[in-house]
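Colleague: For reference, the file input_34.csv (CSV, C-alpha atoms) is included below:
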chain,number,residue,atom,x,y,z
A,1,MET,CA,-30.7,41.2,-18.5
A,2,ASN,CA,-30.6,41.0,-22.2
A,3,ASN,CA,-30.0,37.7,-24.1
A,4,LYS,CA,-26.2,38.3,-24.7
A,5,THR,CA,-25.5,39.1,-21.1
A,6,TYR,CA,-27.5,36.1,-20.0
A,7,GLN,CA,-25.5,33.9,-22.3
A,8,LEU,CA,-22.2,35.4,-21.0
A,9,VAL,CA,-23.3,34.9,-17.3
A,10,LYS,CA,-24.3,31.3,-18.1
A,11,ALA,CA,-21.0,30.5,-19.8
A,12,ALA,CA,-19.0,32.1,-17.0
A,13,THR,CA,-20.9,30.2,-14.3
A,14,ASN,CA,-20.5,27.0,-16.3
A,15,ILE,CA,-16.7,27.5,-16.4
A,16,LEU,CA,-16.5,28.5,-12.8
A,17,SER,CA,-18.6,25.6,-11.6
A,18,GLY,CA,-16.4,23.2,-13.7
A,19,VAL,CA,-13.2,24.6,-12.3
A,20,SER,CA,-14.6,24.4,-8.7
A,21,MET,CA,-15.7,20.9,-9.2
A,22,ALA,CA,-12.3,19.9,-10.5
A,23,THR,CA,-10.6,21.7,-7.6
A,24,LEU,CA,-12.9,19.9,-5.1
A,25,ILE,CA,-12.2,16.5,-6.6
A,26,VAL,CA,-8.4,17.1,-6.6
A,27,LEU,CA,-8.4,18.4,-3.0
A,28,GLY,CA,-10.6,15.5,-1.9
A,29,VAL,CA,-8.4,12.9,-3.5
A,30,SER,CA,-5.2,14.6,-2.2
A,31,PHE,CA,-6.8,14.8,1.3
A,32,VAL,CA,-7.6,11.0,1.3
A,33,GLY,CA,-4.1,10.2,0.0
A,34,PHE,CA,-2.5,12.4,2.7
A,35,ASN,CA,-4.8,11.1,5.5
A,36,ASN,CA,-4.1,7.4,4.7
A,37,ALA,CA,-0.4,7.8,4.0
A,38,PHE,CA,2.1,6.4,6.5
A,39,VAL,CA,4.9,8.7,7.7
A,40,PHE,CA,7.6,6.3,6.4
A,41,ASN,CA,7.2,3.9,3.5
A,42,ASN,CA,9.1,0.7,3.0
A,43,SER,CA,10.8,1.5,6.3
A,44,GLY,CA,12.5,-0.5,9.0
A,45,ILE,CA,14.5,0.0,12.2
A,46,ALA,CA,17.4,-2.2,13.0
A,47,VAL,CA,20.2,-2.4,15.6
A,48,THR,CA,23.5,-2.0,13.7
A,49,ASN,CA,25.9,-3.2,16.4
A,50,ASN,CA,24.2,-6.4,17.3
A,51,PRO,CA,25.3,-8.2,19.5
A,52,VAL,CA,25.9,-5.2,21.7
A,53,THR,CA,29.1,-5.5,23.7
A,54,GLY,CA,29.6,-1.9,24.9
A,55,ASP,CA,27.3,0.5,26.6
A,56,GLN,CA,25.8,2.0,23.5
A,57,ILE,CA,23.1,0.6,21.1
A,58,ASN,CA,23.2,1.9,17.6
A,59,PHE,CA,20.0,2.1,15.6
A,60,ILE,CA,19.3,2.8,11.9
A,61,LEU,CA,16.0,3.9,10.3
A,62,GLU,CA,15.8,3.4,6.6
A,63,GLY,CA,12.9,4.1,4.2
A,64,SER,CA,11.3,6.9,2.3
A,65,ARG,CA,9.0,9.7,3.2
A,66,ARG,CA,6.4,11.5,1.1
A,67,HIS,CA,5.1,14.3,3.3
A,68,GLU,CA,6.7,16.9,5.5
A,69,CYS,CA,6.6,15.6,9.0
A,70,THR,CA,8.0,16.8,12.3
A,71,LEU,CA,8.7,14.4,15.2
A,72,THR,CA,6.8,15.5,18.3
A,73,ARG,CA,7.0,12.5,20.6
A,74,VAL,CA,9.0,9.3,20.7
A,75,HIS,CA,9.0,6.4,23.1
A,76,SER,CA,10.9,3.1,23.0
A,77,ASP,CA,11.0,0.0,25.1
A,78,ALA,CA,12.9,-3.3,25.1
A,79,TYR,CA,11.3,-6.5,26.3
A,80,ASP,CA,13.4,-9.4,27.5
A,81,ASP,CA,12.5,-12.4,25.4
A,82,ALA,CA,13.0,-14.8,28.3
A,83,THR,CA,11.4,-12.9,31.2
A,84,GLY,CA,9.2,-10.3,29.5
A,85,GLU,CA,10.9,-7.6,31.7
A,86,ARG,CA,10.5,-4.1,30.2
A,87,PHE,CA,13.4,-1.6,29.8
A,88,GLU,CA,12.7,2.0,28.7
A,89,PHE,CA,15.2,3.8,26.4
A,90,ASP,CA,16.1,7.3,27.4
A,91,PHE,CA,15.7,9.5,24.4
A,92,ALA,CA,17.1,12.5,26.3
A,93,ARG,CA,20.5,10.8,25.9
A,94,LYS,CA,20.1,10.1,22.3
A,95,ILE,CA,23.2,10.7,20.1
A,96,TYR,CA,22.9,11.3,16.4
A,97,ILE,CA,25.4,9.2,14.5
A,98,ARG,CA,24.5,10.2,11.0
A,99,SER,CA,21.7,12.5,10.0
A,100,ASN,CA,22.7,14.9,7.3
A,101,ASP,CA,19.1,15.2,6.1
A,102,TYR,CA,17.0,14.8,9.2
A,103,LEU,CA,14.1,12.4,8.3
A,104,GLY,CA,14.7,13.1,4.6
A,105,SER,CA,13.1,16.5,4.5
A,106,ASP,CA,15.0,17.4,1.3
A,107,THR,CA,15.3,14.1,-0.6
A,108,GLY,CA,12.4,12.1,0.8
A,109,ILE,CA,14.9,9.3,1.5
A,110,VAL,CA,15.3,8.5,5.2
A,111,ASP,CA,18.7,7.3,6.4
A,112,HIS,CA,18.7,8.1,10.0
A,113,GLN,CA,21.2,6.7,12.5
A,114,TRP,CA,21.3,7.3,16.2
A,115,ALA,CA,22.7,5.7,19.4
A,116,MET,CA,21.3,5.4,22.9
A,117,PRO,CA,22.9,4.1,26.1
A,118,VAL,CA,22.0,0.6,27.3
A,119,PRO,CA,19.3,1.1,29.9
A,120,ASP,CA,20.3,0.6,33.5
A,121,GLY,CA,19.9,-3.0,34.7
A,122,MET,CA,19.7,-4.5,31.2
A,123,GLY,CA,21.6,-7.8,31.4
A,124,PRO,CA,22.9,-10.0,28.6
A,125,GLY,CA,20.1,-11.7,26.6
A,126,VAL,CA,17.8,-11.4,23.6
A,127,TYR,CA,15.4,-8.5,23.5
A,128,ARG,CA,12.5,-7.3,21.3
A,129,VAL,CA,12.5,-3.5,20.9
A,130,THR,CA,9.4,-1.5,20.1
A,131,LEU,CA,9.4,2.2,19.0
A,132,TYR,CA,6.4,4.5,19.1
A,133,SER,CA,6.7,7.8,17.3
A,134,GLU,CA,4.3,10.7,16.8
A,135,PHE,CA,4.6,13.2,14.0
A,136,ASP,CA,2.9,16.4,12.9
A,137,CYS,CA,2.6,16.1,9.1
A,138,VAL,CA,1.8,18.9,6.7
A,139,TYR,CA,0.8,18.8,3.0
A,140,LEU,CA,-0.7,21.7,1.1
A,141,LEU,CA,-3.6,22.9,3.3
A,142,PHE,CA,-3.7,19.7,5.3
A,143,LYS,CA,-2.2,19.0,8.7
A,144,LYS,CA,-2.5,15.8,10.7
A,145,THR,CA,-0.9,14.1,13.7
A,146,LYS,CA,0.3,10.7,12.7
A,147,VAL,CA,1.6,7.7,14.6
A,148,GLN,CA,4.1,5.2,13.4
A,149,MET,CA,5.2,2.2,15.3
A,150,PHE,CA,8.0,-0.2,14.8
A,151,ASP,CA,8.2,-3.5,16.7
A,152,ASN,CA,10.1,-6.7,16.8
A,153,ILE,CA,13.4,-5.0,16.5
A,154,ALA,CA,15.9,-7.6,17.5
A,155,LEU,CA,18.5,-6.6,20.1
A,156,ILE,CA,21.1,-8.9,21.6
A,157,ILE,CA,23.1,-7.8,24.6
A,158,GLU,CA,26.3,-9.7,25.5
B,1,MET,CA,-52.2,16.5,-17.3
B,2,ASP,CA,-49.2,15.8,-19.5
B,3,LYS,CA,-48.6,19.5,-20.1
B,4,VAL,CA,-48.6,20.2,-16.4
B,5,LYS,CA,-46.2,17.4,-15.8
B,6,ASN,CA,-43.9,18.4,-18.7
B,7,GLN,CA,-43.7,22.0,-17.3
B,8,LYS,CA,-42.9,20.5,-13.9
B,9,ILE,CA,-40.0,18.5,-15.4
B,10,GLN,CA,-38.8,21.5,-17.3
B,11,LYS,CA,-38.7,23.5,-14.0
B,12,GLN,CA,-36.9,20.6,-12.3
B,13,VAL,CA,-34.3,20.6,-15.1
B,14,GLU,CA,-33.8,24.3,-14.6
B,15,ARG,CA,-33.4,23.9,-10.9
B,16,TRP,CA,-30.8,21.1,-11.4
B,17,ASP,CA,-29.0,23.3,-13.8
B,18,LEU,CA,-28.8,26.2,-11.3
B,19,PHE,CA,-27.8,23.8,-8.5
B,20,ALA,CA,-25.0,22.4,-10.7
B,21,ARG,CA,-23.8,25.9,-11.6
B,22,LEU,CA,-23.7,27.4,-8.1
B,23,THR,CA,-23.2,24.6,-5.5
B,24,PRO,CA,-19.5,23.6,-6.3
B,25,THR,CA,-18.3,27.2,-6.3
B,26,LEU,CA,-20.3,28.2,-3.2
B,27,PHE,CA,-19.2,25.1,-1.3
B,28,LEU,CA,-15.5,25.6,-2.3
B,29,ALA,CA,-15.5,29.3,-1.4
B,30,THR,CA,-17.4,28.8,1.9
B,31,SER,CA,-15.3,25.8,3.1
B,32,LEU,CA,-12.0,27.5,2.1
B,33,ILE,CA,-12.9,30.6,4.2
B,34,LEU,CA,-14.1,28.5,7.1
B,35,VAL,CA,-11.0,26.3,7.0
B,36,VAL,CA,-8.5,29.1,6.6
B,37,PHE,CA,-10.1,31.0,9.5
B,38,ASP,CA,-10.1,27.8,11.6
B,39,VAL,CA,-13.9,27.9,12.1
B,40,VAL,CA,-14.2,24.3,10.8
B,41,PRO,CA,-11.5,21.6,10.7
B,42,LEU,CA,-10.6,20.4,7.3
B,43,GLU,CA,-11.9,16.9,8.1
B,44,TYR,CA,-15.4,18.3,8.8
B,45,ALA,CA,-15.4,20.2,5.6
B,46,PHE,CA,-14.3,17.1,3.7
B,47,TYR,CA,-17.0,14.9,5.3
B,48,ILE,CA,-19.7,17.5,4.7
B,49,GLY,CA,-18.6,17.8,1.1
B,50,LEU,CA,-18.6,14.0,0.7
B,51,THR,CA,-22.1,13.7,2.3
B,52,GLY,CA,-23.4,16.5,0.0
B,53,PHE,CA,-21.9,14.8,-3.0
B,54,ALA,CA,-23.4,11.4,-2.1
B,55,ILE,CA,-26.9,12.9,-1.4
B,56,THR,CA,-26.8,14.8,-4.7
B,57,ALA,CA,-25.6,11.8,-6.7
B,58,VAL,CA,-28.4,9.5,-5.2
B,59,SER,CA,-31.1,12.2,-5.6
B,60,TRP,CA,-30.1,12.9,-9.2
B,61,TRP,CA,-29.9,9.2,-10.0
B,62,TRP,CA,-33.5,8.6,-8.8
B,63,TRP,CA,-34.8,11.8,-10.4
B,64,ALA,CA,-33.1,10.8,-13.7
B,65,ILE,CA,-34.6,7.3,-13.5
B,66,PHE,CA,-38.2,8.5,-12.9
B,67,THR,CA,-37.9,11.3,-15.5
B,68,ILE,CA,-36.5,8.9,-18.1
B,69,ARG,CA,-39.4,6.4,-17.4
B,70,TYR,CA,-41.9,9.2,-17.8
B,71,LEU,CA,-40.3,10.4,-21.0
B,72,VAL,CA,-40.2,6.9,-22.4
B,73,THR,CA,-44.0,6.5,-21.5
B,74,ILE,CA,-44.8,9.8,-23.2
B,75,LEU,CA,-42.6,8.9,-26.3
B,76,SER,CA,-44.3,5.5,-26.6
B,77,ARG,CA,-47.8,7.0,-26.3
B,78,ALA,CA,-46.9,9.6,-28.9
B,79,SER,CA,-45.5,6.9,-31.2
B,80,SER,CA,-48.7,4.8,-30.8
B,81,ASN,CA,-50.9,7.8,-31.5
B,82,LEU,CA,-48.9,8.6,-34.6
B,83,THR,CA,-49.3,5.0,-35.8
B,84,ASP,CA,-53.1,5.3,-35.2
B,85,VAL,CA,-53.2,8.6,-37.2
B,86,ASN,CA,-51.2,7.0,-40.0
B,87,THR,CA,-53.6,4.0,-40.2
B,88,GLU,CA,-56.6,6.3,-40.2
B,89,ILE,CA,-55.0,8.4,-43.0
B,90,LYS,CA,-54.5,5.2,-45.0
B,91,ILE,CA,-58.2,4.3,-44.5
B,92,VAL,CA,-59.4,7.7,-45.5
B,93,ARG,CA,-57.2,7.7,-48.6
B,94,LYS,CA,-58.5,4.3,-49.6
B,95,GLU,CA,-62.1,5.5,-49.1
B,96,LEU,CA,-61.4,8.6,-51.2
B,97,GLU,CA,-59.9,6.5,-54.0
B,98,ASP,CA,-62.9,4.2,-53.9
B,99,LEU,CA,-65.2,7.2,-54.1
B,100,LYS,CA,-63.2,8.5,-57.1
B,101,ASP,CA,-63.4,5.1,-58.8
B,102,GLU,CA,-67.2,5.0,-58.3
B,103,GLN,CA,-67.6,8.5,-59.8
Step by step, read the file and then write its structure as structure tokens.
Modeller:
Amino acid sequence: MNNKTYQLVKAATNILSGVSMATLIVLGVSFVGFNNAFVFNNSGIAVTNNPVTGDQINFILEGSRRHECTLTRVHSDAYDDATGERFEFDFARKIYIRSNDYLGSDTGIVDHQWAMPVPDGMGPGVYRVTLYSEFDCVYLLFKKTKVQMFDNIALIIE
Amino acid sequence: MDKVKNQKIQKQVERWDLFARLTPTLFLATSLILVVFDVVPLEYAFYIGLTGFAITAVSWWWWAIFTIRYLVTILSRASSNLTDVNTEIKIVRKELEDLKDEQ
């Protein structure tokens, strides 16, 4: 290898190594950011028809979302404040009230409203609702299953 | 002794240079292939990269500290030798001038 070729190879490997290092750093930082990000930011769930007088409970989820996530599993319970008795919500009977942009996939702004029937045997009283949800989130090359929980959602049944 | 050690340091610098040139590209290419073909999960590749980065950083840091210490010792020895030579030249010059005056 003559001197000129050697200089060229050296310069090329320098550039390649620099670009690779920058790519590794960017990918690493993006991965940590994606890994540690919540599914929803500044979010909350509330019951919009409190106190509930009919047989339907309306919920709203508001917040923002950074990454593309698909809901894979959801579970919600209501606990009686006085007795601690547990009532499970039936998500198979969930009705969408307003969800033009499901979980904000286009805008990143989540404004999701749904309704569920009052569980059987749930009498008048004050309840605390918890909601457990699992998502498959995707960002660039990265994919991760994430869990987001909401609790202390006040529910009053009359 | 110094010459052998100097050559050793030169070789070590060349090895670091080669390592810095090849490792990022090789690691990026290998991990991309392994992740894309689902051989290794992305998290593993990330933690392997992070561990390699940490080991390299610590090794390089200690190598740099020892090398700088050695170079500083060499420099101070060279500087002290130069001062001795300078003093001796001054003495010789004075003796020569004295000899000239006597003649």
Colleague: Record the distance separating CA of Leu61 (chain A) and CA of Trp114 (chain A), expressed in Å with one decimal.
Modeller: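 CA of Leu61 (chain A) sits 8.6 Å away from CA of Trp114 (chain A).
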Colleague: Taking only C-alpha atoms into account, which residues of chain B are within 12 Å of chain A, as a ChimeraX atom specification?
Modeller: /B:17-32,35-36,38,41-50,53
Colleague: Have a look at CA of Tyr79 (chain A) and CA of Leu155 (chain A) and let me know their distance in Å, one decimal.
Modeller: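 Spanning CA of Tyr79 (chain A) to CA of Leu155 (chain A) is a straight-line distance of 9.5 Å.
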Colleague: How many Å lie between CA of Ile97 (chain A) and CA of Asp111 (chain A), rounded to one decimal?
Modeller: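 Result for CA of Ile97 (chain A) versus CA of Asp111 (chain A): 10.7 Å, one decimal.
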Colleague: Hey, which of A:Arg86, A:Arg65, A:Lys94, A:Lys146 ends up closest to Met122 (chain A)? Count all atoms listed in the file.
Modeller: A:Arg86
Colleague: Find the spatial neighbours of Gly44 (chain A), counting only C-alpha atoms, within a cut-off of 9 Å - ignore same-chain residues fewer than 2 positions away - and output them as a list of chain:residue names.
Modeller: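 Selected residues are A:Phe40, A:Asn41, A:Asn42, A:Ala46, A:Ile60, A:Leu61, A:Glu62, A:Gly63, A:Phe150, A:Ile153.
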Colleague: Between A:Val147, A:Ile45, A:Ile156, A:Ala37, which is the closest to Val118 (chain A) once you count all atoms listed in the file?
Modeller: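 Smallest separation from Val118 (chain A) among the options: A:Ile156.
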Colleague: Which is closer to Asp2 (chain B) than all the others in B:Ile33, B:Leu71, B:Ile65, B:Val40, using all atoms listed in the file?
Modeller: B:Leu71
Colleague: From the list B:Trp16, B:Val39, B:Arg77, B:Asp101, which residue is nearest Ala57 (chain B) when using all atoms listed in the file?
Modeller: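 Under the stated criterion, the closest residue is B:Trp16.
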